[in-house]
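J.: Next comes structure-v1.csv, CSV, C-alpha atoms and all ligand atoms:
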```
chain,number,residue,atom,x,y,z
K,203,PRO,CA,23.0,-1.4,-3.1
K,204,ARG,CA,19.9,-2.3,-1.3
K,205,CYS,CA,16.4,-1.7,-2.8
K,206,ILE,CA,12.8,-1.7,-1.6
K,207,TRP,CA,10.0,-3.1,-3.7
K,208,LEU,CA,6.4,-2.0,-3.2
K,209,SER,CA,3.2,-3.5,-4.4
K,210,ARG,CA,-0.5,-3.1,-3.6
K,211,HIS,CA,-2.4,-6.3,-3.1
K,212,GLY,CA,-4.1,-7.6,-6.2
K,213,GLU,CA,-7.6,-6.5,-7.1
K,214,SER,CA,-10.0,-7.5,-4.3
K,215,ALA,CA,-13.7,-8.3,-4.2
K,216,PHE,CA,-14.2,-4.9,-2.5
K,217,ASN,CA,-12.1,-3.1,-5.2
K,218,LEU,CA,-14.5,-4.5,-7.8
K,219,THR,CA,-17.6,-3.2,-6.0
K,220,GLY,CA,-16.0,0.1,-5.0
K,221,LYS,CA,-16.3,-0.6,-1.3
K,222,ILE,CA,-13.5,0.7,1.0
K,223,GLY,CA,-11.8,-1.1,3.8
K,224,GLY,CA,-12.9,-4.6,4.8
K,225,ASP,CA,-11.0,-7.8,4.6
K,226,SER,CA,-12.2,-9.3,1.3
K,227,ASP,CA,-10.5,-11.9,-0.8
K,228,LEU,CA,-8.8,-11.3,-4.1
K,229,SER,CA,-10.9,-11.2,-7.3
K,230,ALA,CA,-10.0,-13.5,-10.2
K,231,ARG,CA,-7.8,-10.8,-11.6
K,232,GLY,CA,-6.2,-10.2,-8.3
K,233,ARG,CA,-5.4,-13.9,-8.0
K,234,GLU,CA,-3.9,-13.8,-11.5
K,235,TYR,CA,-1.6,-10.9,-10.3
K,236,ALA,CA,-0.6,-13.1,-7.3
K,237,ARG,CA,0.4,-15.9,-9.7
K,238,GLN,CA,2.4,-13.5,-11.9
K,239,LEU,CA,4.1,-11.7,-9.1
K,240,PRO,CA,6.9,-14.2,-8.4
K,241,GLN,CA,8.2,-13.9,-12.0
K,242,LEU,CA,7.9,-10.1,-12.0
K,243,VAL,CA,9.8,-9.9,-8.7
K,244,LYS,CA,12.4,-12.4,-9.8
K,245,MET,CA,13.1,-10.3,-12.9
K,246,SER,CA,13.8,-7.3,-10.8
K,247,VAL,CA,15.4,-8.8,-7.7
K,248,GLY,CA,17.5,-11.5,-9.4
K,249,ASP,CA,19.3,-13.6,-6.9
K,250,ARG,CA,19.5,-11.1,-4.1
K,251,PRO,CA,18.1,-12.2,-0.7
K,252,LEU,CA,14.7,-10.7,0.0
K,253,THR,CA,12.2,-10.5,2.8
K,254,VAL,CA,8.5,-9.9,2.1
K,255,TRP,CA,6.4,-7.8,4.5
K,256,THR,CA,2.6,-8.0,4.4
K,257,SER,CA,-0.3,-6.6,6.4
K,258,THR,CA,-2.6,-8.8,8.5
K,259,LEU,CA,-5.3,-8.6,5.9
K,260,LYS,CA,-6.2,-11.5,3.7
K,261,ARG,CA,-5.7,-9.6,0.4
K,262,THR,CA,-2.1,-8.9,1.0
K,263,GLN,CA,-1.3,-12.4,2.2
K,264,GLN,CA,-3.1,-13.9,-0.8
K,265,THR,CA,-1.1,-11.6,-3.1
K,266,ALA,CA,2.2,-12.7,-1.5
K,267,LYS,CA,1.5,-16.3,-1.1
K,268,TYR,CA,3.5,-17.6,-4.1
K,269,LEU,CA,6.6,-15.5,-3.4
K,270,PRO,CA,9.4,-17.8,-2.4
K,271,TYR,CA,11.0,-15.6,0.3
K,272,ARG,CA,10.7,-15.3,4.1
K,273,GLN,CA,7.5,-13.4,5.0
K,274,LEU,CA,6.6,-11.2,7.9
K,275,THR,CA,3.2,-9.8,8.9
K,276,TRP,CA,2.8,-6.3,10.4
K,277,LYS,CA,-0.4,-4.9,11.9
K,278,ALA,CA,1.1,-1.5,11.2
K,279,LEU,CA,0.8,-2.1,7.5
K,280,ASP,CA,-3.0,-2.6,7.6
K,281,GLU,CA,-5.0,-0.2,5.4
K,282,LEU,CA,-6.1,3.2,6.7
K,283,ASP,CA,-9.0,2.5,9.0
K,284,ALA,CA,-12.2,4.1,7.6
K,285,GLY,CA,-14.1,3.6,10.9
K,286,GLN,CA,-17.8,3.9,10.5
K,287,CYS,CA,-17.4,4.2,6.7
K,288,ASP,CA,-15.6,0.8,6.5
K,289,GLY,CA,-17.4,-1.3,3.9
K,290,LEU,CA,-19.2,1.6,2.2
K,291,THR,CA,-18.7,3.0,-1.4
K,292,TYR,CA,-17.7,6.6,-1.8
K,293,GLU,CA,-21.3,7.3,-3.1
K,294,GLU,CA,-22.8,5.7,0.0
K,295,ILE,CA,-20.5,7.8,2.2
K,296,GLU,CA,-21.5,11.0,0.3
K,297,ASN,CA,-25.2,10.2,0.8
K,298,ARG,CA,-25.0,9.1,4.5
K,299,TYR,CA,-22.4,11.4,5.8
K,300,PRO,CA,-22.3,14.5,3.4
K,301,ASP,CA,-20.4,16.7,6.0
K,302,ASP,CA,-17.7,14.1,6.4
K,303,PHE,CA,-17.4,13.6,2.7
K,304,ALA,CA,-17.0,17.4,2.2
K,305,ALA,CA,-14.5,17.6,5.1
K,306,ARG,CA,-12.3,14.9,3.6
K,307,ASP,CA,-12.4,16.7,0.3
K,308,GLU,CA,-11.3,19.9,2.0
K,309,ASN,CA,-8.4,18.4,3.8
K,310,LYS,CA,-7.7,14.8,2.9
K,311,TYR,CA,-4.4,14.5,4.9
K,312,GLU,CA,-5.9,15.6,8.2
K,313,TYR,CA,-9.4,14.3,7.8
K,314,ARG,CA,-10.0,11.4,10.3
K,315,TYR,CA,-12.9,9.0,9.6
K,316,PRO,CA,-15.2,8.8,12.7
K,317,GLY,CA,-13.9,5.9,14.7
K,318,GLY,CA,-11.0,5.5,12.2
K,319,GLU,CA,-7.9,7.1,10.9
K,320,SER,CA,-6.5,10.0,8.9
K,321,TYR,CA,-3.5,9.9,6.6
K,322,ARG,CA,-1.6,11.7,9.3
K,323,ASP,CA,-2.5,8.9,11.7
K,324,VAL,CA,-1.1,6.4,9.2
K,325,VAL,CA,2.1,8.3,8.8
K,326,VAL,CA,2.6,8.2,12.6
K,327,ARG,CA,1.9,4.5,12.9
K,328,LEU,CA,4.3,3.8,10.1
K,329,GLU,CA,7.2,5.3,12.0
K,330,PRO,CA,8.5,2.0,13.3
K,331,ILE,CA,8.1,0.5,9.8
K,332,ILE,CA,10.2,3.2,8.3
K,333,MET,CA,12.8,2.9,11.0
K,334,GLU,CA,13.1,-0.8,10.5
K,335,LEU,CA,13.2,-0.3,6.7
K,336,GLU,CA,16.1,2.0,7.1
K,337,ARG,CA,18.0,-0.7,9.0
K,338,GLN,CA,17.2,-3.6,6.7
K,339,GLU,CA,18.6,-4.9,3.4
K,340,ASN,CA,16.2,-5.8,0.5
K,341,ILE,CA,12.6,-5.7,1.5
K,342,MET,CA,9.4,-6.1,-0.5
K,343,ILE,CA,6.3,-4.6,1.0
K,344,VAL,CA,2.8,-5.9,-0.1
K,345,THR,CA,0.2,-3.6,1.4
K,346,HIS,CA,-2.6,-1.1,0.7
K,347,GLN,CA,-3.0,2.0,-1.3
K,348,ALA,CA,-3.1,4.6,1.5
K,349,VAL,CA,-0.2,3.0,3.4
K,350,LEU,CA,1.9,2.7,0.2
K,351,ARG,CA,1.2,6.4,-0.6
K,352,CYS,CA,2.7,7.4,2.7
K,353,ILE,CA,5.8,5.1,2.4
K,354,TYR,CA,6.3,6.2,-1.2
K,355,ALA,CA,6.2,9.9,-0.2
K,356,TYR,CA,8.7,9.3,2.5
K,357,PHE,CA,11.3,7.7,0.2
K,358,MET,CA,10.6,10.2,-2.6
K,359,ASN,CA,11.3,13.0,-0.1
K,360,VAL,CA,7.8,14.4,-0.8
K,361,SER,CA,6.3,16.3,2.1
K,362,GLN,CA,4.1,13.8,4.1
K,363,ASP,CA,1.0,15.9,3.7
K,364,GLN,CA,1.2,15.2,-0.1
K,365,SER,CA,0.8,11.4,0.6
K,366,PRO,CA,-2.9,11.3,-0.3
K,367,TRP,CA,-2.0,12.2,-3.9
K,368,MET,CA,0.8,9.8,-4.7
K,369,GLU,CA,0.0,7.5,-7.6
K,370,VAL,CA,0.2,3.9,-6.6
K,371,PRO,CA,-1.9,1.9,-9.1
K,372,LEU,CA,-2.9,-1.8,-8.8
K,373,HIS,CA,-0.9,-4.6,-10.4
K,374,THR,CA,2.3,-2.6,-10.6
K,375,LEU,CA,5.6,-3.4,-8.9
K,376,ILE,CA,7.5,-0.4,-7.8
K,377,LYS,CA,11.3,-0.6,-7.2
K,378,LEU,CA,12.9,2.1,-5.1
K,379,GLU,CA,16.6,2.5,-4.9
K,380,PRO,CA,17.7,5.1,-2.4
K,381,LYS,CA,20.8,7.0,-3.6
K,382,ALA,CA,22.8,9.9,-2.1
K,383,TYR,CA,21.0,12.4,-4.3
K,384,GLY,CA,17.5,10.9,-4.1
K,385,THR,CA,15.5,7.8,-4.8
K,386,GLU,CA,15.5,6.1,-8.2
K,387,VAL,CA,12.1,4.6,-9.2
K,388,ILE,CA,11.3,1.9,-11.6
K,389,ARG,CA,7.7,0.9,-12.2
K,390,ILE,CA,6.9,-2.5,-13.7
K,391,LYS,CA,3.3,-3.1,-14.7
K,392,ALA,CA,2.0,-6.6,-14.7
K,393,ASP,CA,0.3,-7.8,-18.0
K,394,ILE,CA,-3.2,-8.7,-16.8
Q,401,LIG,O1,-9.5,3.3,1.9
Q,401,LIG,C1,-8.3,3.6,1.5
Q,401,LIG,C2,-7.9,3.7,0.1
Q,401,LIG,O2,-6.9,2.8,-0.2
Q,401,LIG,C3,-7.4,5.1,-0.1
Q,401,LIG,O3,-8.1,5.8,-0.9
Q,401,LIG,O4,-7.6,7.7,0.5
Q,401,LIG,O5,-8.0,8.0,-2.0
Q,401,LIG,O6,-9.9,7.4,-0.4
Q,401,LIG,P1,-8.4,7.3,-0.7
```
Could you write out this structure as structure tokens?
Ligand code: G3H
T.:
Amino acid sequence: PRCIWLSRHGESAFNLTGKIGGDSDLSARGREYARQLPQLVKMSVGDRPLTVWTSTLKRTQQTAKYLPYRQLTWKALDELDAGQCDGLTYEEIENRYPDDFAARDENKYEYRYPGGESYRDVVVRLEPIIMELERQENIMIVTHQAVLRCIYAYFMNVSQDQSPWMEVPLHTLIKLEPKAYGTEVIRIKADI
């Protein structure tokens, strides 16, 4: 039976400083995750054929770079666009744009960053990805937190507006196996 593997990119320089968005490189820990990933994946995938999908951002490609499988890059897998808040920390957003900060807290699914996206926008732009995933065999997706939350909610049959609250931690490989009665999940945490 076919499976889907999900992983966030390894810890990035922006993750370390609490900044959102951007296109930063992996941190030392993130690079360590990238080095461990092939073994982690191999343990779970075995000898099955696999294709790896990444976003266009450096941190996902740096995370996937040692994986010995065919790789494909999708713009639709890029992180939720934080618009004018891109590159800021949550504290800076709260100070500079208090109304926006409160509005997002009020309705995180619908809230759209000025000049950027909402979770709902991400769900919509993921439609072609989901359609392609439904047609494909074994796929591993290395992408970003908000994007993975939406993909995860879809396969877990959780209402899309709950996407912002799905738990998708760093340095954890998630295996999804869609079955007739629902999706089986196995989480494999890297030892970093
Ligand atoms: O900037 C996007 C983050 O990966 C998602 O975090 O939606 O909880 O702010 P957040």
J.: With all atoms listed in the file counted, collect every polymer residue having an atom within 9 Å of ligand LIG 401 (chain Q); state the result as a PyMOL selection string.
T.: chain K and resi 221-223+281-284+288+292+306+310-311+320-321+346-351+366-367
J.: For the atom pair CA of Ala382 in chain K and CA of Val247 in chain K, what is the interatomic distance in Å to one decimal place?
T.: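 Those two atoms sit 20.9 Å apart.
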J.: Around the point (7.1, 2.6, 7.1) (coordinates from the file), which residues reach within 10 Å if we count only C-alpha atoms? Answer as a PDB file with C-alpha atoms, in the coordinates of the input.
T.:
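The file below, point_16.pdb, is the result:
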```pdb
ATOM      1  CA  ALA K 278       1.100  -1.500  11.200  1.00  0.00           C
ATOM      2  CA  LEU K 279       0.800  -2.100   7.500  1.00  0.00           C
ATOM      3  CA  VAL K 324      -1.100   6.400   9.200  1.00  0.00           C
ATOM      4  CA  VAL K 325       2.100   8.300   8.800  1.00  0.00           C
ATOM      5  CA  VAL K 326       2.600   8.200  12.600  1.00  0.00           C
ATOM      6  CA  ARG K 327       1.900   4.500  12.900  1.00  0.00           C
ATOM      7  CA  LEU K 328       4.300   3.800  10.100  1.00  0.00           C
ATOM      8  CA  GLU K 329       7.200   5.300  12.000  1.00  0.00           C
ATOM      9  CA  PRO K 330       8.500   2.000  13.300  1.00  0.00           C
ATOM     10  CA  ILE K 331       8.100   0.500   9.800  1.00  0.00           C
ATOM     11  CA  ILE K 332      10.200   3.200   8.300  1.00  0.00           C
ATOM     12  CA  MET K 333      12.800   2.900  11.000  1.00  0.00           C
ATOM     13  CA  GLU K 334      13.100  -0.800  10.500  1.00  0.00           C
ATOM     14  CA  LEU K 335      13.200  -0.300   6.700  1.00  0.00           C
ATOM     15  CA  GLU K 336      16.100   2.000   7.100  1.00  0.00           C
ATOM     16  CA  ILE K 343       6.300  -4.600   1.000  1.00  0.00           C
ATOM     17  CA  VAL K 349      -0.200   3.000   3.400  1.00  0.00           C
ATOM     18  CA  LEU K 350       1.900   2.700   0.200  1.00  0.00           C
ATOM     19  CA  CYS K 352       2.700   7.400   2.700  1.00  0.00           C
ATOM     20  CA  ILE K 353       5.800   5.100   2.400  1.00  0.00           C
ATOM     21  CA  TYR K 354       6.300   6.200  -1.200  1.00  0.00           C
ATOM     22  CA  TYR K 356       8.700   9.300   2.500  1.00  0.00           C
ATOM     23  CA  PHE K 357      11.300   7.700   0.200  1.00  0.00           C
TER      24      PHE K 357
END
```
J.: Skip Gly285 in chain K itself and residues of its chain fewer than 4 positions away, then list as a PDB file with C-alpha atoms, in the coordinates of the input all residues within 8 Å of it, counting all atoms listed in the file.
T.:
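Once everything was written out, this is result_5.pdb:
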```pdb
ATOM      1  CA  TYR K 315     -12.900   9.000   9.600  1.00  0.00           C
ATOM      2  CA  PRO K 316     -15.200   8.800  12.700  1.00  0.00           C
ATOM      3  CA  GLY K 317     -13.900   5.900  14.700  1.00  0.00           C
ATOM      4  CA  GLY K 318     -11.000   5.500  12.200  1.00  0.00           C
ATOM      5  CA  GLU K 319      -7.900   7.100  10.900  1.00  0.00           C
TER       6      GLU K 319
END
```
J.: Using all atoms listed in the file, find the one residue out of K:Asp249, K:Asp393, K:Glu339, K:Asp363 that sits nearest to Arg204 in chain K.
T.: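 Comparing K:Asp249, K:Asp393, K:Glu339, K:Asp363 against Arg204 in chain K, the winner is K:Glu339.
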J.: List the spatial neighbours of Ala392 in chain K as a short mmCIF file (atom, residue, chain, number, x, y, z; two decimals) with C-alpha atoms, in the coordinates of the input - criterion: any atom at most 10 Å away, only C-alpha atoms, same-chain residues fewer than 6 positions off excluded.
T.:
```
data_model
loop_
_atom_site.label_atom_id
_atom_site.label_comp_id
_atom_site.auth_asym_id
_atom_site.auth_seq_id
_atom_site.Cartn_x
_atom_site.Cartn_y
_atom_site.Cartn_z
CA GLU K 234 -3.90 -13.80 -11.50
CA TYR K 235 -1.60 -10.90 -10.30
CA GLN K 238 2.40 -13.50 -11.90
CA LEU K 239 4.10 -11.70 -9.10
CA GLN K 241 8.20 -13.90 -12.00
CA LEU K 242 7.90 -10.10 -12.00
CA LEU K 372 -2.90 -1.80 -8.80
CA HIS K 373 -0.90 -4.60 -10.40
CA THR K 374 2.30 -2.60 -10.60
CA LEU K 375 5.60 -3.40 -8.90
#
```
J.: Considering only C-alpha atoms, give me a table of residues in range 337-385 of chain K that are at most 10 Å from range 265-268 of chain K, with the closest atom pair and distance in Å for each, as a Markdown table.
T.:
```
| residue | atom | partner | partner_atom | distance |
| --- | --- | --- | --- | --- |
| K:Met342 | CA | K:Ala266 | CA | 9.8 |
| K:Ile343 | CA | K:Ala266 | CA | 9.4 |
| K:Val344 | CA | K:Ala266 | CA | 7.0 |
| K:Thr345 | CA | K:Thr265 | CA | 9.3 |
```
J.: With only C-alpha atoms as the basis for distance, which of K:Trp276, K:Phe303, K:Trp255, K:Tyr271 is at the shortest distance from Arg210 in chain K?
T.: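 The shortest atom-to-atom distance to Arg210 in chain K comes from K:Trp255.
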J.: For Thr262 in chain K, which of K:Glu293, K:Asp307, K:Asp302, K:Glu213 is the closest residue, counting only C-alpha atoms?
T.: K:Glu213
J.: Quick one: distance from CA of Leu378 in chain K to CA of Met358 in chain K in Å, one decimal?
T.: 8.8 Å
J.: Any idea what's packed within 7 Å of Lys260 in chain K, counting only C-alpha atoms, ignoring anything in its chain fewer than 2 positions away? Could you give it as a list in words?
T.: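 Surrounding residues, per the criterion: Asp225, Ser226, Asp227, Thr258, Thr262, Gln263 and Gln264 of chain K.
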J.: Nearest residue to Ser246 in chain K out of K:Asn309, K:Ser214, K:Asn340, K:Ser229, using only C-alpha atoms?
T.: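 For Ser246 in chain K, the nearest of the given residues is K:Asn340.
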J.: Can you work out which one of K:Leu208, K:Cys287, K:Ile341, K:Leu228 has the shortest atom-to-atom distance to Arg272 in chain K, counting only C-alpha atoms?
T.: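 Distance minimum relative to Arg272 in chain K lands on K:Ile341.
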J.: For the atom pair CA of Arg231 in chain K and CA of Leu290 in chain K, what is the interatomic distance in Å to one decimal place?
T.: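 We find that CA of Arg231 in chain K and CA of Leu290 in chain K lie 21.8 Å from each other.
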J.: Nearest residue to Leu259 in chain K out of K:Pro240, K:Gly224, K:Trp207, K:Gln364, using all atoms listed in the file?
T.: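 Closest to Leu259 in chain K, using all atoms listed in the file: K:Gly224.
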